>>> print(open('protein.cif').read())   # mmCIF, C-alpha atoms
data_final
loop_
_atom_site.label_atom_id
_atom_site.label_comp_id
_atom_site.auth_asym_id
_atom_site.auth_seq_id
_atom_site.Cartn_x
_atom_site.Cartn_y
_atom_site.Cartn_z
CA MET A 1 27.40 16.97 -3.26
CA GLU A 2 27.13 13.36 -2.10
CA SER A 3 27.04 10.05 -3.93
CA ILE A 4 26.33 6.37 -3.43
CA ALA A 5 27.48 3.47 -5.56
CA GLY A 6 26.61 -0.17 -6.02
CA LYS A 7 24.09 -2.39 -7.78
CA ILE A 8 21.23 -0.14 -8.93
CA VAL A 9 17.85 -1.54 -9.98
CA THR A 10 15.18 0.50 -11.74
CA HIS A 11 11.96 -0.62 -13.45
CA GLU A 12 13.98 -0.76 -16.68
CA ARG A 13 17.33 -2.36 -15.83
CA GLU A 14 19.97 -3.52 -13.34
CA PHE A 15 23.49 -2.07 -13.47
CA LEU A 16 26.57 -1.20 -11.40
CA GLY A 17 26.58 2.53 -11.07
CA THR A 18 26.93 5.73 -9.07
CA ILE A 19 24.22 8.20 -8.10
CA GLY A 20 25.14 11.78 -7.24
CA PHE A 21 22.73 14.00 -5.33
CA ASP A 22 22.50 17.34 -3.58
CA PRO A 23 21.36 16.93 0.04
CA THR A 24 20.40 20.61 0.10
CA THR A 25 17.81 20.35 -2.69
CA GLY A 26 17.22 16.64 -2.11
CA HIS A 27 17.47 15.95 -5.85
CA ILE A 28 19.53 13.55 -7.94
CA THR A 29 22.17 15.41 -9.97
CA TYR A 30 23.57 12.54 -12.03
CA VAL A 31 23.42 8.80 -12.60
CA LYS A 32 26.36 7.08 -14.28
CA GLU A 33 27.64 3.61 -15.06
CA GLY A 34 30.52 2.33 -12.95
CA LEU A 35 31.48 2.53 -9.29
CA ASP A 36 32.99 5.88 -8.33
CA PRO A 37 35.56 5.14 -5.58
CA SER A 38 34.79 8.47 -3.87
CA ALA A 39 31.11 7.51 -3.39
CA ARG A 40 29.66 5.63 -0.42
CA GLN A 41 30.01 2.03 -1.57
CA PHE A 42 27.30 -0.57 -1.00
CA SER A 43 28.57 -4.13 -1.24
CA GLU A 44 27.66 -6.61 -3.96
CA ASP A 45 25.18 -8.14 -1.48
CA CYS A 46 23.11 -4.94 -1.60
CA VAL A 47 20.64 -3.50 -4.08
CA ILE A 48 19.82 0.21 -4.44
CA PHE A 49 16.16 0.67 -5.38
CA PRO A 50 14.29 3.93 -5.95
CA GLY A 51 12.54 4.74 -2.65
CA PHE A 52 9.59 2.44 -1.94
CA GLY A 53 6.08 3.86 -1.60
CA ASP A 54 3.13 2.25 0.17
CA ILE A 55 -0.02 3.83 -1.25
CA HIS A 56 -2.49 2.12 1.09
CA ILE A 57 -2.11 2.58 4.83
CA HIS A 58 -4.34 3.56 7.75
CA ALA A 59 -2.33 5.93 9.97
CA ARG A 60 -5.40 6.43 12.20
CA GLU A 61 -4.78 10.10 13.00
CA ASP A 62 -7.43 12.80 12.44
CA VAL A 63 -8.60 15.94 14.22
CA SER A 64 -10.65 13.92 16.71
CA GLY A 65 -7.58 12.09 18.03
CA LYS A 66 -9.85 9.17 18.95
CA HIS A 67 -7.75 6.50 17.26
CA THR A 68 -4.21 7.77 17.84
CA TYR A 69 -3.73 5.09 20.50
CA LYS A 70 -3.57 2.67 17.53
CA GLU A 71 -1.26 4.80 15.36
CA ASP A 72 -0.52 8.40 14.42
CA PHE A 73 1.41 10.12 11.63
CA LEU A 74 4.69 10.00 13.58
CA SER A 75 4.48 6.32 14.53
CA ALA A 76 3.26 5.36 11.03
CA SER A 77 6.24 7.25 9.58
CA ALA A 78 8.61 5.41 11.93
CA ALA A 79 7.07 2.08 10.87
CA ALA A 80 7.42 3.08 7.22
CA ILE A 81 11.08 4.04 7.54
CA ASN A 82 11.65 0.83 9.51
CA GLY A 83 10.19 -0.98 6.51
CA GLY A 84 12.31 0.89 3.96
CA VAL A 85 9.36 3.03 2.79
CA ILE A 86 9.80 6.77 2.09
CA HIS A 87 6.26 7.85 1.22
CA VAL A 88 2.79 6.58 2.09
CA ALA A 89 -0.83 7.35 1.19
CA ASP A 90 -3.30 7.36 4.07
CA MET A 91 -6.92 6.20 3.89
CA PRO A 92 -9.88 8.33 5.03
CA ASN A 93 -11.99 6.03 7.23
CA ASN A 94 -11.41 8.12 10.35
CA PRO A 95 -13.87 9.20 13.07
CA VAL A 96 -13.78 12.61 11.32
CA PRO A 97 -13.25 11.60 7.68
CA PRO A 98 -11.71 14.05 5.19
CA ILE A 99 -14.66 14.44 2.83
CA ASP A 100 -14.62 18.16 1.93
CA ASP A 101 -12.14 21.04 1.65
CA GLU A 102 -12.30 21.91 5.35
CA THR A 103 -11.93 18.42 6.82
CA TYR A 104 -9.24 17.50 4.28
CA ALA A 105 -7.17 20.62 5.08
CA ALA A 106 -7.51 19.96 8.81
CA LYS A 107 -6.19 16.42 8.45
CA GLN A 108 -3.46 17.49 6.04
CA ALA A 109 -2.16 19.99 8.60
CA LEU A 110 -1.59 17.07 10.98
CA THR A 111 0.72 15.35 8.47
CA GLU A 112 3.18 18.27 8.49
CA LYS A 113 5.03 16.85 11.51
CA ALA A 114 5.81 13.58 9.70
CA PRO A 115 9.45 12.97 8.67
CA ILE A 116 8.34 11.46 5.33
CA HIS A 117 5.70 12.53 2.81
CA ILE A 118 2.11 11.48 3.45
CA THR A 119 -0.48 11.73 0.66
CA LEU A 120 -4.07 11.81 1.88
CA TYR A 121 -7.07 10.19 0.24
CA ALA A 122 -10.39 12.00 0.58
CA GLY A 123 -13.39 9.85 1.40
CA ILE A 124 -16.42 9.22 -0.79
CA GLY A 125 -19.58 8.48 1.15
CA PRO A 126 -23.31 9.12 0.97
CA HIS A 127 -23.93 12.71 -0.25
CA THR A 128 -20.24 13.70 -0.69
CA LYS A 129 -18.97 15.84 -3.59
CA PRO A 130 -15.47 16.32 -5.07
CA LEU A 131 -13.09 18.72 -3.36
CA SER A 132 -12.06 21.98 -5.03
CA LYS A 133 -8.45 20.77 -5.44
CA LYS A 134 -7.13 17.59 -7.02
CA VAL A 135 -6.83 14.71 -4.53
CA PRO A 136 -7.12 10.92 -4.68
CA TYR A 137 -10.39 9.42 -3.40
CA LYS A 138 -11.33 6.19 -1.66
CA VAL A 139 -14.73 4.50 -1.65
CA PHE A 140 -15.78 1.58 0.57
CA MET A 141 -18.42 -0.25 -1.45
CA GLY A 142 -19.69 -2.15 1.60
CA PRO A 143 -19.32 -2.19 5.40
CA SER A 144 -15.74 -2.32 6.69
CA ILE A 145 -13.92 -0.55 9.53
CA GLY A 146 -15.49 2.88 10.04
CA GLU A 147 -18.76 4.49 9.00
CA LEU A 148 -17.81 5.71 5.52
CA PHE A 149 -19.49 3.14 3.26
CA PHE A 150 -22.52 2.39 1.10
CA HIS A 151 -25.38 -0.03 1.75
CA ASP A 152 -26.26 -0.67 -1.91
CA ASN A 153 -25.01 -0.05 -5.44
CA PRO A 154 -27.67 2.44 -6.63
CA SER A 155 -26.82 4.88 -3.84
CA LEU A 156 -23.10 4.47 -4.66
CA GLU A 157 -23.64 5.28 -8.34
CA GLU A 158 -25.79 8.29 -7.43
CA VAL A 159 -22.73 9.75 -5.67
CA ILE A 160 -19.98 8.50 -8.03
CA LYS A 161 -21.51 10.26 -11.03
CA HIS A 162 -20.30 13.54 -9.50
CA TYR A 163 -16.68 12.30 -9.57
CA GLN A 164 -16.23 11.98 -13.34
CA GLY A 165 -12.56 11.87 -14.34
CA GLN A 166 -11.32 11.65 -10.75
CA ASP A 167 -8.74 9.30 -9.23
CA VAL A 168 -10.88 6.81 -7.24
CA SER A 169 -9.76 3.71 -5.33
CA PHE A 170 -12.33 1.02 -4.53
CA HIS A 171 -12.58 -1.41 -1.63
CA CYS A 172 -14.41 -4.15 -3.54
CA GLU A 173 -16.86 -6.03 -1.33
CA ASP A 174 -20.51 -6.14 -2.36
CA PRO A 175 -22.72 -4.85 0.50
CA GLU A 176 -25.70 -7.08 -0.24
CA ILE A 177 -23.56 -10.25 -0.29
CA LEU A 178 -21.94 -9.22 3.00
CA ILE A 179 -25.35 -8.68 4.55
CA ALA A 180 -26.64 -12.03 3.23
CA ASN A 181 -23.67 -13.87 4.76
CA LYS A 182 -23.37 -12.00 8.06
CA ASP A 183 -24.45 -15.05 10.10
CA GLN A 184 -21.90 -17.46 8.61
CA PRO A 185 -19.63 -19.19 11.15
CA THR A 186 -16.22 -17.73 10.16
CA HIS A 187 -14.87 -14.38 9.03
CA GLU A 188 -13.82 -15.90 5.70
CA THR A 189 -17.33 -17.26 4.96
CA ARG A 190 -18.97 -14.00 6.09
CA ARG A 191 -16.90 -12.19 3.45
CA PRO A 192 -16.84 -14.76 0.58
CA LYS A 193 -14.94 -14.47 -2.68
CA GLU A 194 -18.19 -13.61 -4.47
CA ALA A 195 -18.40 -10.37 -2.50
CA GLU A 196 -15.15 -9.24 -4.13
CA THR A 197 -15.83 -10.51 -7.65
CA VAL A 198 -19.39 -9.09 -7.83
CA ALA A 199 -18.18 -5.74 -6.47
CA THR A 200 -15.37 -5.81 -9.04
CA ASP A 201 -17.90 -5.99 -11.87
CA PHE A 202 -19.71 -2.94 -10.50
CA ALA A 203 -16.50 -0.99 -9.82
CA LEU A 204 -15.29 -1.63 -13.39
CA TYR A 205 -18.70 -0.51 -14.70
CA LEU A 206 -18.44 2.75 -12.73
CA ILE A 207 -14.82 3.35 -13.78
CA GLU A 208 -15.70 2.87 -17.43
CA LYS A 209 -19.00 4.79 -17.41
CA TYR A 210 -17.71 7.81 -15.48
CA ASN A 211 -14.21 7.88 -16.98
CA LEU A 212 -12.58 7.39 -13.59
CA LYS A 213 -8.90 6.70 -13.03
CA GLY A 214 -9.70 3.60 -11.00
CA LYS A 215 -7.69 1.48 -8.60
CA LEU A 216 -8.94 -1.70 -6.94
CA CYS A 217 -7.45 -2.12 -3.49
CA HIS A 218 -5.90 -5.17 -1.74
CA TYR A 219 -6.91 -7.62 -4.46
CA SER A 220 -7.32 -11.27 -3.42
CA THR A 221 -9.30 -13.44 -5.88
CA LYS A 222 -8.24 -15.25 -9.04
CA ASP A 223 -11.63 -14.82 -10.74
CA GLY A 224 -11.73 -11.11 -9.96
CA LEU A 225 -8.21 -10.59 -11.25
CA SER A 226 -9.24 -12.09 -14.60
CA LYS A 227 -11.98 -9.44 -14.80
CA ILE A 228 -9.41 -6.69 -14.17
CA ILE A 229 -7.11 -8.11 -16.85
CA ALA A 230 -9.97 -8.19 -19.37
CA ALA A 231 -10.95 -4.60 -18.49
CA LYS A 232 -7.37 -3.40 -18.96
CA GLN A 233 -7.22 -5.12 -22.32
CA ARG A 234 -10.29 -3.23 -23.52
CA GLY A 235 -8.81 0.10 -22.42
CA VAL A 236 -10.43 0.68 -19.02
CA LYS A 237 -8.23 2.93 -16.86
CA VAL A 238 -7.86 0.57 -13.90
CA THR A 239 -4.97 -0.63 -11.73
CA CYS A 240 -4.87 -2.93 -8.70
CA GLU A 241 -2.93 -3.60 -5.51
CA VAL A 242 -1.97 -6.75 -3.62
CA THR A 243 -0.89 -7.04 0.02
CA PRO A 244 2.02 -9.04 1.44
CA THR A 245 -0.42 -11.15 3.46
CA HIS A 246 -2.41 -12.20 0.37
CA LEU A 247 0.89 -13.17 -1.32
CA MET A 248 2.31 -15.19 1.57
CA PHE A 249 -0.63 -16.67 3.50
CA ASP A 250 -3.82 -18.54 2.70
CA THR A 251 -6.64 -20.27 4.59
CA ASP A 252 -4.66 -23.54 4.78
CA MET A 253 -2.44 -22.00 7.48
CA LEU A 254 -5.26 -20.66 9.66
CA THR A 255 -5.58 -22.24 13.11
CA GLU A 256 -7.71 -21.56 16.14
CA THR A 257 -4.69 -19.83 17.69
CA ASN A 258 -3.71 -17.49 14.84
CA HIS A 259 -7.11 -16.92 13.24
CA LYS A 260 -7.86 -13.57 14.91
CA TRP A 261 -4.41 -12.20 14.09
CA PHE A 262 -4.98 -12.87 10.39
CA GLN A 263 -8.48 -11.37 10.29
CA MET A 264 -8.75 -8.60 7.68
CA ASN A 265 -11.05 -7.26 4.97
CA PRO A 266 -10.90 -8.85 2.44
CA PRO A 267 -9.97 -12.06 4.28
CA LEU A 268 -7.33 -14.60 3.40
CA ARG A 269 -8.33 -16.81 0.47
CA GLY A 270 -7.43 -20.34 -0.60
CA ARG A 271 -4.12 -21.47 -2.02
CA GLU A 272 -5.31 -21.14 -5.63
CA ASP A 273 -6.14 -17.45 -5.12
CA ARG A 274 -2.84 -16.76 -3.34
CA GLU A 275 -0.88 -18.38 -6.17
CA ALA A 276 -2.92 -16.38 -8.70
CA MET A 277 -1.84 -13.14 -6.99
CA VAL A 278 1.82 -14.13 -7.26
CA LYS A 279 1.33 -15.03 -10.92
CA GLY A 280 -0.51 -11.73 -11.41
CA ILE A 281 2.64 -9.89 -10.36
CA LEU A 282 4.91 -12.05 -12.53
CA ASP A 283 2.64 -11.53 -15.55
CA GLY A 284 2.51 -7.76 -15.04
CA HIS A 285 -1.18 -7.55 -14.16
CA ILE A 286 -0.83 -6.31 -10.56
CA ASP A 287 0.42 -2.75 -10.29
CA TYR A 288 1.28 -2.11 -6.64
CA LEU A 289 2.53 -3.86 -3.53
CA ALA A 290 0.51 -2.07 -0.83
CA THR A 291 0.21 -3.24 2.76
CA ASP A 292 -3.26 -2.00 3.76
CA HIS A 293 -1.44 -1.40 7.07
CA ALA A 294 -4.38 -1.35 9.50
CA PRO A 295 -3.09 -1.14 13.08
CA HIS A 296 -5.28 -2.05 16.03
CA SER A 297 -4.34 -2.70 19.62
CA ILE A 298 -3.53 -6.23 20.73
CA GLU A 299 -6.72 -6.22 22.84
CA GLU A 300 -8.83 -5.25 19.81
CA LYS A 301 -7.32 -8.02 17.71
CA GLN A 302 -8.05 -10.55 20.44
CA LYS A 303 -11.69 -9.43 20.30
CA GLY A 304 -11.86 -10.01 16.54
CA THR A 305 -11.25 -6.60 14.93
CA SER A 306 -10.27 -6.75 11.25
CA GLY A 307 -6.98 -5.30 10.08
CA ILE A 308 -3.28 -6.24 10.01
CA SER A 309 -0.24 -4.19 11.01
CA GLN A 310 2.51 -4.70 8.42
CA LEU A 311 4.19 -1.44 7.43
CA ASP A 312 7.28 -2.31 9.51
CA THR A 313 7.99 -5.33 7.31
CA TYR A 314 7.45 -3.86 3.80
CA GLY A 315 11.11 -3.97 2.71
CA LEU A 316 11.77 -7.27 4.46
CA PHE A 317 8.86 -8.77 2.56
CA VAL A 318 10.37 -7.46 -0.68
CA THR A 319 13.45 -9.61 0.03
CA TYR A 320 11.07 -12.59 0.38
CA MET A 321 9.48 -11.70 -2.98
CA ILE A 322 12.88 -11.58 -4.66
CA LEU A 323 14.49 -14.63 -3.06
CA ASN A 324 11.51 -16.91 -2.32
CA LEU A 325 8.90 -15.97 -4.93
CA ASN A 326 11.52 -15.34 -7.65
CA ILE A 327 10.05 -12.00 -8.67
CA PRO A 328 12.52 -10.09 -10.90
CA MET A 329 14.04 -7.03 -9.26
CA THR A 330 13.04 -4.75 -12.13
CA LEU A 331 9.44 -5.80 -11.47
CA ILE A 332 9.93 -5.00 -7.76
CA ALA A 333 11.14 -1.52 -8.74
CA LYS A 334 8.00 -1.12 -10.84
CA ILE A 335 5.36 -2.14 -8.27
CA CYS A 336 7.13 -0.79 -5.17
CA SER A 337 8.74 2.38 -6.54
CA LYS A 338 7.81 3.60 -10.02
CA ASN A 339 4.06 2.89 -9.97
CA PRO A 340 3.48 4.24 -6.44
CA GLY A 341 5.50 7.31 -7.48
CA GLU A 342 3.28 7.83 -10.52
CA PHE A 343 0.17 7.40 -8.36
CA VAL A 344 1.13 10.26 -6.02
CA ALA A 345 2.87 12.44 -8.65
CA ALA A 346 -0.05 14.85 -9.06
CA TYR A 347 -0.23 15.41 -5.29
CA LEU A 348 3.44 15.97 -4.45
CA PRO A 349 4.87 19.34 -3.35
CA LYS A 350 7.57 20.99 -5.47
CA LYS A 351 10.38 19.90 -3.15
CA PHE A 352 10.28 16.47 -4.81
CA GLY A 353 11.48 17.89 -8.14
CA LYS A 354 10.44 15.72 -11.07
CA GLY A 355 8.91 13.17 -8.71
CA VAL A 356 9.62 9.99 -6.76
CA GLY A 357 10.11 6.31 -7.59
CA ILE A 358 12.62 6.80 -10.42
CA ILE A 359 16.42 7.09 -10.31
CA ASN A 360 17.20 9.86 -12.75
CA GLU A 361 18.47 13.42 -12.79
CA GLY A 362 16.03 15.88 -11.21
CA TYR A 363 14.07 13.24 -9.28
CA ALA A 364 14.01 13.06 -5.49
CA ALA A 365 17.07 11.36 -4.01
CA ASN A 366 14.99 8.69 -2.27
CA PHE A 367 16.49 5.20 -2.03
CA SER A 368 15.52 1.92 -0.38
CA ILE A 369 18.67 -0.20 -0.10
CA LEU A 370 18.29 -3.91 0.66
CA ASN A 371 20.88 -6.50 1.66
CA LEU A 372 19.95 -9.79 -0.02
CA LYS A 373 22.60 -11.85 1.79
CA LYS A 374 21.85 -10.81 5.38
CA PRO A 375 18.81 -12.71 6.71
CA VAL A 376 16.94 -11.30 9.70
CA GLU A 377 14.40 -12.76 12.09
CA PHE A 378 11.67 -10.19 12.68
CA LYS A 379 11.00 -9.79 16.39
CA LYS A 380 8.34 -7.95 18.38
CA SER A 381 11.05 -5.64 19.73
CA MET A 382 11.71 -4.39 16.17
CA ILE A 383 8.17 -3.03 15.68
CA LYS A 384 7.81 0.76 15.44
CA SER A 385 4.04 0.81 14.87
CA LYS A 386 2.04 1.75 17.96
CA SER A 387 0.00 -1.41 17.47
CA GLY A 388 2.92 -3.38 18.93
CA TRP A 389 2.28 -6.59 16.99
CA SER A 390 2.93 -8.10 13.57
CA PRO A 391 1.80 -11.23 11.72
CA PHE A 392 5.46 -11.70 10.82
CA GLU A 393 6.77 -11.98 14.39
CA GLY A 394 9.28 -14.82 14.49
CA PHE A 395 9.52 -15.09 10.70
CA LYS A 396 13.03 -15.24 9.26
CA PHE A 397 13.25 -13.07 6.16
CA PRO A 398 15.99 -13.94 3.63
CA GLY A 399 17.29 -10.35 3.49
CA SER A 400 17.32 -7.09 5.40
CA ILE A 401 17.24 -3.31 5.02
CA GLU A 402 20.69 -1.76 4.67
CA ALA A 403 19.83 1.95 4.41
CA VAL A 404 17.02 4.39 3.63
CA TYR A 405 17.53 7.80 2.01
CA TYR A 406 14.90 10.55 1.88
CA LEU A 407 15.54 13.74 -0.11
CA GLY A 408 19.28 13.10 -0.11
CA LYS A 409 19.68 12.28 3.58
CA GLU A 410 19.96 8.91 5.27
CA ILE A 411 17.10 8.50 7.73
CA HIS A 412 16.39 6.09 10.57
CA ALA A 413 13.20 5.02 12.30
CA LYS A 414 12.76 6.76 15.67
#
>>> encode(input="protein.cif", output="structure tokens")
Amino acid sequence: MESIAGKIVTHEREFLGTIGFDPTTGHITYVKEGLDPSARQFSEDCVIFPGFGDIHIHAREDVSGKHTYKEDFLSASAAAINGGVIHVADMPNNPVPPIDDETYAAKQALTEKAPIHITLYAGIGPHTKPLSKKVPYKVFMGPSIGELFFHDNPSLEEVIKHYQGQDVSFHCEDPEILIANKDQPTHETRRPKEAETVATDFALYLIEKYNLKGKLCHYSTKDGLSKIIAAKQRGVKVTCEVTPTHLMFDTDMLTETNHKWFQMNPPLRGREDREAMVKGILDGHIDYLATDHAPHSIEEKQKGTSGISQLDTYGLFVTYMILNLNIPMTLIAKICSKNPGEFVAAYLPKKFGKGVGIINEGYAANFSILNLKKPVEFKKSMIKSKSGWSPFEGFKFPGSIEAVYYLGKEIHAK
């Protein structure tokens, strides 16, 4: 038996306590008030959270191996651990996308070498059908990175009707609006806010009509968020994510020098939208902090490829949320731990016991421990992602990562 003690934060409360766990089973055996002197003590500067989960990354590995120069399951795992993250969910827009039982199983076999758990999304594209086992799905409503997308809404609905009751995540950008704006002068004007808000209307329609368990990815617009809030209030089963970049940056900080490094889909928005995303978290309307970690080589970024590498800085960004954005720590535990844990719960193997993202008896002994009094400047040399770059290079975060536990064992990024 082992134990750790210190300030513990769950989605329900903050308290000084001790957590006992069995490193053999990897499960929590008890949680109690008070600091047990025999436990490993974390100082008052530190906070013990349930292990963080990032449910939207692009690890780039598939059976083709064509994109593993950008990232693979080992390097993505190292970046995750480096960022204080103990489980991730990987998107399906690969050269050989996981769209049926065979291609899904082949990709899943590749995840077995990873030192943390990787949940896989299956892709929804023209003519696909649900898999025989329960998995989460991802649909790209319009052109993005990869070939797995739809050109118009009627063809999307024709496919989605086969996925009734399934867990479906949507990349909300309307294909017709993207096509109409493809000759605009900047990336941001080629992918305007209207593309997201119009696609949101259609995604909510599909979620409601076909009884989907819907999630809207990397949300970025104030007007669209109001549509999600209204849908939730009328009982639609929908949740949404926000990325660190859409919480920290906006178009006011774009320059000719940094513009290509901050190119992503959806793009950065104006200050009003960024502030609306922060308020959306504070008001309880945004359900997940998810990076949309999309690694590309430095050469590809210089040529204008969309996607940002940011898994390495997940936990560091959480310290910024707590200390700079004044987001309550119980809310952090909800959107970084509990909610991601609930999202993957149906897809976890038995070794995780009752599940992840909660500190309670029988749950996995996964912990992300932050030091809120030890600032750190994030440097290029600290990056574990194969991409080798980060939009946060040179940024001084107000806190740091003290320790990461996975199934009862302290782990380190390799």
>>> residues_around(input="protein.cif", residues="A:Asn94", least_positions_apart="3", cutoff="12 Å", atoms="all atoms listed in the file", output="mmCIF file with C-alpha atoms, in the frame of the given file")
data_model
loop_
_atom_site.group_PDB
_atom_site.id
_atom_site.type_symbol
_atom_site.label_atom_id
_atom_site.label_comp_id
_atom_site.auth_asym_id
_atom_site.auth_seq_id
_atom_site.Cartn_x
_atom_site.Cartn_y
_atom_site.Cartn_z
ATOM 1 C CA HIS A 58 -4.340 3.560 7.750
ATOM 2 C CA ALA A 59 -2.330 5.930 9.970
ATOM 3 C CA ARG A 60 -5.400 6.430 12.200
ATOM 4 C CA GLU A 61 -4.780 10.100 13.000
ATOM 5 C CA ASP A 62 -7.430 12.800 12.440
ATOM 6 C CA VAL A 63 -8.600 15.940 14.220
ATOM 7 C CA SER A 64 -10.650 13.920 16.710
ATOM 8 C CA GLY A 65 -7.580 12.090 18.030
ATOM 9 C CA LYS A 66 -9.850 9.170 18.950
ATOM 10 C CA HIS A 67 -7.750 6.500 17.260
ATOM 11 C CA THR A 68 -4.210 7.770 17.840
ATOM 12 C CA LYS A 70 -3.570 2.670 17.530
ATOM 13 C CA GLU A 71 -1.260 4.800 15.360
ATOM 14 C CA ASP A 72 -0.520 8.400 14.420
ATOM 15 C CA ASP A 90 -3.300 7.360 4.070
ATOM 16 C CA MET A 91 -6.920 6.200 3.890
ATOM 17 C CA PRO A 97 -13.250 11.600 7.680
ATOM 18 C CA PRO A 98 -11.710 14.050 5.190
ATOM 19 C CA ILE A 99 -14.660 14.440 2.830
ATOM 20 C CA THR A 103 -11.930 18.420 6.820
ATOM 21 C CA TYR A 104 -9.240 17.500 4.280
ATOM 22 C CA LYS A 107 -6.190 16.420 8.450
ATOM 23 C CA LEU A 120 -4.070 11.810 1.880
ATOM 24 C CA TYR A 121 -7.070 10.190 0.240
ATOM 25 C CA ALA A 122 -10.390 12.000 0.580
ATOM 26 C CA GLY A 123 -13.390 9.850 1.400
ATOM 27 C CA SER A 144 -15.740 -2.320 6.690
ATOM 28 C CA ILE A 145 -13.920 -0.550 9.530
ATOM 29 C CA GLY A 146 -15.490 2.880 10.040
ATOM 30 C CA GLU A 147 -18.760 4.490 9.000
ATOM 31 C CA LEU A 148 -17.810 5.710 5.520
ATOM 32 C CA PHE A 149 -19.490 3.140 3.260
ATOM 33 C CA ALA A 294 -4.380 -1.350 9.500
#
>>> residues_around(input="protein.cif", residues="A:Asn181", least_positions_apart="4", cutoff="12 Å", atoms="only C-alpha atoms", output="list in words")
Asp174, Pro175, Glu176, Ile177, Pro185, Thr186, His187, Glu188, Thr189, Arg190, Arg191, Pro192, Lys193, Glu194 and Ala195 of chain A
>>> atom_distance(input="protein.cif", atom1="atom CA of A:Thr10", atom2="atom CA of A:His293")
25.2 Å
>>> closest_residue(input="protein.cif", among="A:Gly280, A:Gly341, A:Gly394, A:Gly353", to="A:Ile327", atoms="all atoms listed in the file")
A:Gly280
>>> closest_atom_pairs(input="protein.cif", of="stretch 322-356 of chain A", to="stretch 199-223 of chain A", cutoff="12 Å", atoms="only C-alpha atoms", output="CSV")
residue,atom,partner,partner_atom,distance
A:Asn339,CA,A:Lys215,CA,11.9
A:Pro340,CA,A:Lys215,CA,11.7
A:Phe343,CA,A:Lys215,CA,9.8
>>> residues_around(input="protein.cif", residues="A:Ile308", least_positions_apart="3", cutoff="9 Å", atoms="all atoms listed in the file", output="list in words")
Thr245, Trp261, Phe262, Gln263, Met264, Thr291, Asp292, His293, Ala294, Pro295, His296, Lys301, Trp389, Ser390 and Pro391 of chain A
>>> resolve_selection(input="protein.cif", expression="the PyMOL selection byres ((chain A and resi 36-46) around 6)", output="NGL selection string")
:A and (3-6 or 35 or 47 or 370-373)
>>> write_last_selection(input="protein.cif", atoms="C-alpha atoms", output="PDB file, in the frame of the given file")
ATOM      1  CA  SER A   3      27.040  10.050  -3.930  1.00  0.00           C
ATOM      2  CA  ILE A   4      26.330   6.370  -3.430  1.00  0.00           C
ATOM      3  CA  ALA A   5      27.480   3.470  -5.560  1.00  0.00           C
ATOM      4  CA  GLY A   6      26.610  -0.170  -6.020  1.00  0.00           C
ATOM      5  CA  LEU A  35      31.480   2.530  -9.290  1.00  0.00           C
ATOM      6  CA  VAL A  47      20.640  -3.500  -4.080  1.00  0.00           C
ATOM      7  CA  LEU A 370      18.290  -3.910   0.660  1.00  0.00           C
ATOM      8  CA  ASN A 371      20.880  -6.500   1.660  1.00  0.00           C
ATOM      9  CA  LEU A 372      19.950  -9.790  -0.020  1.00  0.00           C
ATOM     10  CA  LYS A 373      22.600 -11.850   1.790  1.00  0.00           C
TER      11      LYS A 373
END
>>> resolve_selection(input="protein.cif", expression="the PyMOL selection byres ((chain A and resi 277) around 9)", output="list in words")
Tyr219, Ser220, Thr221, Lys222, Leu225, Val242, His246, Leu247, Glu272, Asp273, Arg274, Glu275, Ala276, Val278, Lys279, Gly280, Ile281, Leu282 and Ile286 of chain A
>>> atom_distance(input="protein.cif", atom1="atom CA of A:Ile335", atom2="atom CA of A:Gly34")
26.0 Å
>>> residues_around(input="protein.cif", residues="A:Val139", least_positions_apart="4", cutoff="7 Å", atoms="only C-alpha atoms", output="JSON, numbers by chain")
{"A": [123, 124, 125, 149, 169, 170, 171]}
>>> atom_distance(input="protein.cif", atom1="atom CA of A:Ser306", atom2="atom CA of A:Met321")
24.8 Å
